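Everything below belongs to data23.txt, which stores compact mmCIF, C-alpha atoms and all ligand atoms.
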```
# COMPACT_ATOMS: atom_id res chain seq x y z
CA MET T 1 -8.53 5.50 23.47
CA LYS T 2 -5.62 7.88 22.86
CA TYR T 3 -2.40 6.67 21.30
CA THR T 4 1.03 8.24 21.22
CA ARG T 5 2.43 5.70 18.77
CA VAL T 6 1.04 3.43 16.09
CA PRO T 7 -0.32 0.32 17.86
CA GLU T 8 1.27 -3.08 17.23
CA LEU T 9 -1.01 -6.06 16.77
CA SER T 10 -0.15 -9.75 16.62
CA LEU T 11 -1.86 -11.48 13.71
CA LYS T 12 -1.30 -14.81 15.42
CA ALA T 13 -3.81 -13.78 18.10
CA TYR T 14 -6.41 -13.60 15.37
CA THR T 15 -5.49 -16.59 13.23
CA ASP T 16 -4.60 -19.01 16.04
CA GLY T 17 -6.43 -17.55 19.05
CA ASP T 18 -9.83 -18.32 20.54
CA ALA T 19 -13.01 -16.28 20.11
CA THR T 20 -11.97 -13.81 22.84
CA ASP T 21 -8.54 -13.25 21.24
CA ARG T 22 -10.17 -12.69 17.88
CA ARG T 23 -12.61 -10.16 19.25
CA ALA T 24 -9.77 -8.34 21.02
CA PHE T 25 -7.83 -8.23 17.74
CA GLU T 26 -10.83 -6.90 15.82
CA ALA T 27 -11.38 -4.17 18.41
CA ALA T 28 -7.69 -3.18 18.45
CA LEU T 29 -7.59 -3.06 14.65
CA TYR T 30 -10.67 -0.87 14.49
CA ASP T 31 -9.42 1.46 17.25
CA GLY T 32 -6.00 1.81 15.64
CA PHE T 33 -7.55 2.41 12.24
CA LYS T 34 -10.02 4.98 13.54
CA TYR T 35 -7.30 6.81 15.45
CA PHE T 36 -4.39 6.73 13.01
CA GLY T 37 -5.59 4.93 9.88
CA PHE T 38 -2.41 2.89 10.55
CA ILE T 39 -1.46 -0.19 12.57
CA ILE T 40 1.67 -2.35 12.72
CA LEU T 41 1.22 -6.07 12.23
CA LYS T 42 3.64 -8.59 13.74
CA ASP T 43 3.56 -12.42 13.86
CA HIS T 44 2.17 -12.61 10.33
CA LYS T 45 2.79 -15.42 7.87
CA VAL T 46 4.82 -13.62 5.23
CA GLY T 47 8.09 -15.45 5.70
CA HIS T 48 11.35 -13.74 6.66
CA ASP T 49 13.19 -15.57 3.84
CA LEU T 50 10.70 -14.43 1.24
CA LEU T 51 11.02 -10.83 2.40
CA ARG T 52 14.84 -10.96 2.32
CA ARG T 53 14.80 -12.56 -1.12
CA ALA T 54 12.38 -9.92 -2.39
CA TYR T 55 14.51 -7.05 -1.04
CA ASN T 56 17.59 -8.53 -2.67
CA LYS T 57 15.85 -8.95 -6.05
CA SER T 58 14.49 -5.44 -5.86
CA ALA T 59 17.93 -3.97 -5.10
CA GLU T 60 19.47 -6.03 -7.93
CA TYR T 61 16.89 -4.80 -10.40
CA PHE T 62 17.17 -1.12 -9.54
CA ALA T 63 20.96 -1.32 -9.70
CA LEU T 64 20.74 -2.13 -13.43
CA PRO T 65 21.65 0.64 -15.86
CA GLU T 66 18.75 2.87 -16.94
CA ASP T 67 19.00 1.41 -20.49
CA ASP T 68 18.05 -2.00 -19.13
CA LYS T 69 15.14 -0.63 -17.14
CA MET T 70 13.49 1.80 -19.56
CA PRO T 71 12.15 -0.88 -21.97
CA PHE T 72 9.76 -1.79 -19.15
CA PHE T 73 8.38 1.72 -18.79
CA ARG T 74 4.67 2.04 -19.71
CA ALA T 75 3.09 5.47 -20.01
CA ASP T 76 0.17 4.58 -17.73
CA GLY T 77 2.54 3.50 -14.96
CA GLN T 78 0.32 0.56 -14.03
CA ARG T 79 2.82 -2.20 -14.73
CA GLY T 80 6.57 -2.49 -15.02
CA TYR T 81 9.05 0.30 -14.44
CA THR T 82 8.47 3.96 -13.61
CA PRO T 83 11.68 6.03 -13.64
CA PHE T 84 12.93 8.52 -11.07
CA GLY T 85 11.03 11.80 -10.98
CA ARG T 86 7.85 10.72 -12.78
CA GLU T 87 5.14 10.47 -10.09
CA HIS T 88 4.12 13.35 -7.90
CA ALA T 89 1.62 13.46 -5.01
CA LYS T 90 -1.83 14.89 -5.77
CA ASP T 91 -1.14 18.28 -4.25
CA SER T 92 2.58 18.51 -4.90
CA LYS T 93 4.35 20.36 -7.72
CA TYR T 94 7.60 18.47 -7.21
CA PRO T 95 8.15 14.92 -8.39
CA ASP T 96 8.88 12.31 -5.74
CA LEU T 97 12.51 11.16 -5.42
CA LYS T 98 11.80 7.53 -6.25
CA GLU T 99 11.70 4.91 -8.98
CA PHE T 100 9.43 1.89 -8.81
CA TRP T 101 8.15 -1.32 -10.37
CA HIS T 102 4.52 -2.47 -10.40
CA VAL T 103 3.33 -6.06 -10.35
CA GLY T 104 -0.36 -6.65 -10.99
CA ARG T 105 -2.63 -9.65 -10.67
CA GLU T 106 -1.75 -12.66 -12.82
CA PHE T 107 -4.55 -14.84 -14.15
CA PRO T 108 -4.07 -18.38 -15.42
CA GLU T 109 -3.52 -18.52 -19.17
CA GLY T 110 -6.82 -18.31 -21.09
CA SER T 111 -8.79 -16.98 -18.12
CA PRO T 112 -11.45 -14.48 -19.28
CA LEU T 113 -10.43 -12.37 -16.29
CA GLY T 114 -7.03 -11.90 -17.93
CA GLU T 115 -8.58 -9.21 -20.15
CA ILE T 116 -9.69 -6.87 -17.39
CA TYR T 117 -6.35 -5.58 -16.15
CA PRO T 118 -3.12 -4.72 -17.97
CA SER T 119 -0.77 -7.70 -18.28
CA ASN T 120 2.38 -7.85 -16.24
CA VAL T 121 5.74 -7.29 -17.88
CA TRP T 122 8.85 -9.06 -16.62
CA PRO T 123 12.54 -8.31 -16.95
CA ASP T 124 14.86 -11.19 -17.87
CA LYS T 125 17.23 -10.18 -15.11
CA PRO T 126 17.64 -10.57 -12.23
CA GLU T 127 16.91 -14.27 -12.30
CA SER T 128 13.70 -15.45 -10.54
CA PHE T 129 12.35 -11.89 -10.42
CA ARG T 130 8.90 -13.01 -11.61
CA ASP T 131 8.63 -16.01 -9.26
CA THR T 132 9.78 -14.02 -6.25
CA PHE T 133 7.32 -11.19 -6.71
CA LEU T 134 4.35 -13.37 -7.63
CA GLU T 135 5.02 -15.29 -4.43
CA LEU T 136 5.21 -12.06 -2.46
CA TYR T 137 2.04 -10.76 -4.15
CA ASP T 138 0.13 -13.85 -2.99
CA ALA T 139 1.56 -13.80 0.53
CA LEU T 140 0.74 -10.12 1.07
CA GLU T 141 -2.70 -10.57 -0.42
CA GLU T 142 -3.39 -13.41 1.98
CA ALA T 143 -2.38 -11.26 4.96
CA GLY T 144 -4.49 -8.39 3.62
CA MET T 145 -7.55 -10.56 3.16
CA VAL T 146 -7.36 -11.57 6.82
CA MET T 147 -7.17 -7.90 7.80
CA LEU T 148 -10.19 -7.07 5.65
CA GLU T 149 -12.08 -9.91 7.25
CA ALA T 150 -11.14 -8.78 10.76
CA LEU T 151 -12.37 -5.27 10.00
CA ALA T 152 -15.84 -6.29 8.84
CA PRO T 153 -17.61 -6.98 12.18
CA SER T 154 -16.67 -3.54 13.54
CA LEU T 155 -18.47 -1.92 10.61
CA ASP T 156 -21.42 -4.25 10.92
CA VAL T 157 -21.05 -5.82 7.50
CA PRO T 158 -20.79 -9.55 6.73
CA ARG T 159 -17.35 -10.96 7.42
CA ASP T 160 -16.70 -11.54 3.70
CA PHE T 161 -17.90 -8.06 2.63
CA PHE T 162 -14.47 -6.52 1.93
CA ARG T 163 -12.92 -9.85 1.03
CA ASN T 164 -15.49 -10.24 -1.77
CA MET T 165 -14.81 -6.70 -2.93
CA ALA T 166 -11.05 -7.39 -3.11
CA THR T 167 -11.36 -10.84 -4.72
CA ASP T 168 -9.89 -10.61 -8.25
CA GLY T 169 -9.20 -7.00 -7.31
CA ASN T 170 -6.92 -4.63 -9.19
CA SER T 171 -4.33 -4.89 -6.41
CA ILE T 172 -0.77 -3.79 -7.09
CA LEU T 173 2.54 -4.69 -5.53
CA ARG T 174 4.97 -1.77 -5.76
CA LEU T 175 8.72 -2.24 -5.36
CA LEU T 176 10.11 1.12 -4.41
CA HIS T 177 13.63 2.43 -4.59
CA TYR T 178 14.54 5.83 -3.21
CA PRO T 179 18.12 6.41 -4.40
CA PRO T 180 20.53 8.55 -2.39
CA VAL T 181 19.15 12.07 -2.68
CA PRO T 182 21.01 13.72 -5.59
CA GLU T 183 23.00 16.82 -4.83
CA GLY T 184 21.48 20.15 -5.82
CA ILE T 185 17.92 18.81 -5.86
CA ASN T 186 15.13 21.32 -5.23
CA PRO T 187 14.86 21.52 -1.43
CA ASN T 188 11.08 21.10 -1.68
CA ALA T 189 11.38 17.71 -3.35
CA ILE T 190 11.14 14.76 -0.98
CA ARG T 191 11.23 10.98 -1.35
CA ALA T 192 7.43 10.72 -1.22
CA ALA T 193 5.43 13.90 -0.72
CA ALA T 194 2.42 13.92 1.62
CA HIS T 195 -0.36 11.79 0.17
CA GLU T 196 -3.12 9.35 0.99
CA ASP T 197 -3.24 5.91 -0.59
CA ILE T 198 -6.00 5.48 -3.15
CA ASN T 199 -7.04 1.90 -2.40
CA LEU T 200 -8.90 0.02 0.38
CA ILE T 201 -5.93 -0.89 2.56
CA THR T 202 -2.17 -1.05 2.00
CA ILE T 203 0.03 -3.79 3.39
CA LEU T 204 3.45 -2.20 3.50
CA VAL T 205 6.55 -4.28 4.04
CA ALA T 206 8.41 -2.07 6.51
CA ALA T 207 11.45 -0.51 4.87
CA ASN T 208 15.04 -1.13 5.82
CA GLY T 209 15.40 2.47 6.91
CA GLY T 210 13.44 5.31 8.49
CA GLY T 211 11.67 8.15 6.80
CA LEU T 212 8.00 7.14 6.82
CA GLU T 213 5.85 9.60 8.77
CA LEU T 214 2.12 9.99 9.27
CA LEU T 215 0.21 13.18 9.97
CA ASP T 216 -1.50 12.75 13.34
CA ARG T 217 -4.69 14.37 14.61
CA GLU T 218 -2.81 17.27 16.17
CA GLY T 219 -1.18 18.04 12.83
CA ASN T 220 2.24 16.66 13.84
CA TRP T 221 4.36 14.31 11.75
CA LEU T 222 4.83 11.06 13.64
CA PRO T 223 7.54 8.62 12.50
CA VAL T 224 6.23 5.11 11.76
CA GLU T 225 9.13 2.85 12.59
CA THR T 226 9.21 -0.85 13.19
CA ASP T 227 11.22 -3.99 12.72
CA PRO T 228 11.67 -4.72 8.97
CA ASP T 229 10.04 -8.12 9.47
CA ASN T 230 6.75 -6.47 10.46
CA LEU T 231 4.06 -5.20 8.16
CA ILE T 232 2.51 -1.75 8.32
CA VAL T 233 -1.18 -1.62 7.42
CA ASP T 234 -2.89 1.64 6.46
CA ALA T 235 -6.31 2.66 5.26
CA GLY T 236 -6.74 4.30 1.86
CA ASP T 237 -9.28 6.63 0.28
CA MET T 238 -11.54 3.86 -0.96
CA LEU T 239 -12.03 2.47 2.54
CA ALA T 240 -12.51 5.97 3.97
CA ARG T 241 -15.12 6.60 1.31
CA VAL T 242 -17.22 3.50 2.00
CA CYS T 243 -17.14 4.13 5.75
CA ASN T 244 -17.90 7.85 5.46
CA ASP T 245 -14.48 8.80 6.90
CA LYS T 246 -15.10 6.86 10.13
CA ILE T 247 -11.69 5.40 9.28
CA PRO T 248 -9.50 8.15 7.84
CA ALA T 249 -7.19 7.74 4.85
CA THR T 250 -4.27 9.13 6.80
CA THR T 251 -1.81 11.45 5.11
CA HIS T 252 1.75 10.11 5.10
CA ARG T 253 5.08 10.87 3.47
CA VAL T 254 8.66 9.66 3.22
CA VAL T 255 11.22 12.30 4.18
CA ASN T 256 14.79 12.57 2.94
CA PRO T 257 17.61 11.11 5.07
CA GLN T 258 18.27 13.36 8.00
CA ASP T 259 21.06 11.55 9.78
CA GLY T 260 23.74 12.31 7.19
CA LYS T 261 23.55 8.75 5.85
CA ASN T 262 22.38 9.41 2.32
CA GLU T 263 21.67 5.81 1.32
CA SER T 264 19.21 3.99 -0.89
CA ARG T 265 15.91 3.10 0.76
CA TYR T 266 13.73 0.22 -0.41
CA SER T 267 10.13 -0.54 0.53
CA MET T 268 7.34 -2.73 -0.87
CA PRO T 269 3.75 -1.57 -0.46
CA PHE T 270 0.93 -3.86 -1.58
CA PHE T 271 -2.10 -1.75 -2.49
CA MET T 272 -5.29 -3.76 -2.09
CA HIS T 273 -7.92 -2.65 -4.57
CA PRO T 274 -11.48 -3.81 -5.13
CA HIS T 275 -12.33 -5.46 -8.42
CA SER T 276 -13.04 -2.81 -11.08
CA LYS T 277 -16.81 -3.07 -11.03
CA ALA T 278 -17.13 -2.92 -7.24
CA MET T 279 -19.33 -0.01 -6.20
CA LEU T 280 -17.84 2.26 -3.57
CA SER T 281 -20.93 3.12 -1.65
CA CYS T 282 -21.44 4.15 1.95
CA ILE T 283 -21.92 1.30 4.44
CA GLU T 284 -25.28 1.45 6.22
CA SER T 285 -23.77 1.55 9.73
CA CYS T 286 -21.60 4.57 8.78
CA LYS T 287 -24.32 6.74 7.22
CA GLY T 288 -24.98 8.92 10.30
CA ASP T 289 -26.36 12.19 8.91
CA GLY T 290 -25.96 10.92 5.37
CA ALA T 291 -23.32 9.69 2.94
CA LYS T 292 -20.70 12.36 2.22
CA TYR T 293 -19.64 10.87 -1.11
CA GLU T 294 -21.47 9.85 -4.26
CA ASP T 295 -21.42 6.21 -5.29
CA ILE T 296 -18.69 5.52 -7.82
CA THR T 297 -17.17 2.32 -9.21
CA ALA T 298 -13.69 1.39 -8.03
CA ASP T 299 -12.44 1.68 -11.60
CA ALA T 300 -13.79 5.19 -12.19
CA PHE T 301 -12.41 6.37 -8.86
CA LEU T 302 -8.98 4.90 -9.59
CA LYS T 303 -8.80 6.55 -13.03
CA GLN T 304 -9.71 9.90 -11.51
CA ARG T 305 -6.93 9.61 -8.91
CA LEU T 306 -4.30 8.37 -11.38
CA ARG T 307 -4.84 11.47 -13.49
CA GLU T 308 -4.26 13.58 -10.39
CA ILE T 309 -0.87 12.01 -9.69
CA GLY T 310 0.41 12.25 -13.24
CA LEU T 311 0.22 8.52 -13.98
CA ALA T 312 -2.68 8.49 -16.46
O1 LIG B 1 8.11 3.80 1.22
C1 LIG B 1 7.29 3.82 2.14
O2 LIG B 1 7.61 3.47 3.28
C2 LIG B 1 5.87 4.29 1.90
C3 LIG B 1 5.49 4.36 0.46
C4 LIG B 1 4.12 4.91 0.23
O3 LIG B 1 3.51 5.50 1.09
C5 LIG B 1 3.47 4.70 -1.08
O4 LIG B 1 4.14 4.29 -2.04
O5 LIG B 1 2.25 4.97 -1.18
FE FE B 2 1.44 5.68 0.56
```

Kindly present the structure from the file in structure tokens form.
Ligand SMILES: O=C(O)CCC(=O)C(=O)O
Ligand SMILES: [Fe+2]
Amino acid sequence: MKYTRVPELSLKAYTDGDATDRRAFEAALYDGFKYFGFIILKDHKVGHDLLRRAYNKSAEYFALPEDDKMPFFRADGQRGYTPFGREHAKDSKYPDLKEFWHVGREFPEGSPLGEIYPSNVWPDKPESFRDTFLELYDALEEAGMVMLEALAPSLDVPRDFFRNMATDGNSILRLLHYPPVPEGINPNAIRAAAHEDINLITILVAANGGGLELLDREGNWLPVETDPDNLIVDAGDMLARVCNDKIPATTHRVVNPQDGKNESRYSMPFFMHPHSKAMLSCIESCKGDGAKYEDITADAFLKQRLREIGLA
């Protein structure tokens, strides 16, 4: 199968369809993932109202003065606020033109699991910030779990294989703000330099503006554009690693505005991670001539990659 654009799949066909619909969805997901490492997901259950509310809260937060935001900056960048110009892609010298906020997993008070990941921090304004983003975290995780489940049969692993890996996982919701590109900025600096995501899969709430591009097999940058109510799903390094690159962690970037409209851009990727102790080890059906990568725990792999992007 050859594609000229990122395929669009309807999640409803999988969740509400019969066995034939589900098999067709699984095949289309696997084909899209193998070809591009990206698919677009429509008819999902993350509500339109929740997405609009989340975008509004995100815009309200980033509009606050820097003095209100900096108290939530943590050096490791894993929770709370990361200011403009801090993160750079693994192979880029120039910082990305973005600021962001990270929400991690919340455990019920007193849960022993609460110790394993850094605690969330929360701003006191805007109002309902915490509730909105915990709701979005759960909704995106739910959609992601279904995708992980739908992927399993194609790789000949039990249906709950990836779901189990991601249960209590170190998944992160990132609220991103790319401000208007400042004048006089180094021409090599872009909103998000070419990179691959670190995690298993990313469920990206499509932004309210263009700019996202993936690097296709011919080495061309292909815009990934869709209705802002749809979700974009892409495969990260951890998934590529366990399936021996059968599914690629596709390089992507966000370019600066090119249409003369130098406006803020907001997006909200949800990075689905395995739980820290999960072993990233090559799936039997993908071994072929042998595993290309050594076994490593999800936690060790994450730490290695965070150092490479200047966040640890
Ligand atoms: O803003 C976007 O559309 C993509 C962001 C992204 O690729 C990332 O944060 O890893
Ligand atoms: Fe990314």

Show me, as an mmCIF file with C-alpha atoms, in the coordinates of the input, the residues that have an atom within 9 Å of Asn230 of chain T when counting all atoms listed in the file, minus same-chain residues fewer than 6 positions from it.
```cif
data_model
loop_
_atom_site.group_PDB
_atom_site.id
_atom_site.type_symbol
_atom_site.label_atom_id
_atom_site.label_comp_id
_atom_site.auth_asym_id
_atom_site.auth_seq_id
_atom_site.Cartn_x
_atom_site.Cartn_y
_atom_site.Cartn_z
ATOM 1 C CA ILE T 40 1.670 -2.350 12.720
ATOM 2 C CA LEU T 41 1.220 -6.070 12.230
ATOM 3 C CA LYS T 42 3.640 -8.590 13.740
ATOM 4 C CA ASP T 43 3.560 -12.420 13.860
ATOM 5 C CA HIS T 44 2.170 -12.610 10.330
ATOM 6 C CA LEU T 204 3.450 -2.200 3.500
ATOM 7 C CA VAL T 205 6.550 -4.280 4.040
ATOM 8 C CA ALA T 206 8.410 -2.070 6.510
#
```

Which centre and which edge lengths, in Å to one decimal, describe the axis-aligned box that holds all listed atoms of ligand LIG 1 (chain B) after 4 Å is added on each side, as AutoDock Vina command-line options?
```
--center_x 5.2 --center_y 4.5 --center_z 0.6 --size_x 13.9 --size_y 10.0 --size_z 13.3
```

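Distance annotation: of T:Asp138, T:Asp168, T:Asp234, T:Asp245, the residue with the minimal separation from ligand FE 2 (chain B) is T:Asp234; atom set is only C-alpha atoms and all ligand atoms.
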
Inset, instruction - Please indicate the distance in Å from atom CA of Lys69 of chain T to atom CA of Gln258 of chain T, rounded to one decimal place. - result: 28.9 Å

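Counting only C-alpha atoms, the residue from T:Lys303, T:Arg74, T:Lys246, T:Arg52 that sits nearest to Phe100 of chain T is T:Arg74.
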
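Residue nearest ligand FE 2 (chain B), chosen from T:Cys282, T:Leu302, T:Leu212, T:Ala19 and counting all atoms listed in the file: T:Leu212.
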
Inset, instruction - Might you pull out every residue within 9 Å of Pro257 of chain T, with all atoms listed in the file counted and same-chain residues fewer than 4 positions away left off, and present them as a PyMOL selection string? - result: chain T and resi 180-181+210-211+261-263

Inset, instruction - Would you list the contacts of Leu29 of chain T as a VMD selection string, taking every protein, DNA or RNA residue within 9 Å and counting only C-alpha atoms, but skipping same-chain residues closer than 3 positions in sequence? - result: chain T and resid 7 9 24 to 26 32 to 34 38 to 39 147 150 to 151

Which residues, written as a JSON list (two decimals) with C-alpha atoms, keeping the file's coordinate frame, have at least one atom at most 10 Å from Glu294 of chain T, with only C-alpha atoms counted and residues fewer than 4 positions away on the same chain left out?
```json
[["chain", "number", "residue", "atom", "x", "y", "z"],
["T", 241, "ARG", "CA", -15.12, 6.60, 1.31],
["T", 242, "VAL", "CA", -17.22, 3.50, 2.00],
["T", 280, "LEU", "CA", -17.84, 2.26, -3.57],
["T", 281, "SER", "CA", -20.93, 3.12, -1.65],
["T", 282, "CYS", "CA", -21.44, 4.15, 1.95]]
```

Inset, instruction - Give me the residues within 7 Å of His195 of chain T as a count of residues only, counting only C-alpha atoms and dropping any in the same chain fewer than 6 places off. - result: 5

Inset, instruction - Give as a count of residues only the residues surrounding ligand LIG 1 (chain B) up to a distance of 6 Å, considering only C-alpha atoms and all ligand atoms. - result: 4

Inset, instruction - Name the closest residue to ligand FE 2 (chain B) among the candidates T:Cys286, T:Leu113, T:Leu214, T:Leu50; distances are taken between atoms, counting all atoms listed in the file. - result: T:Leu214
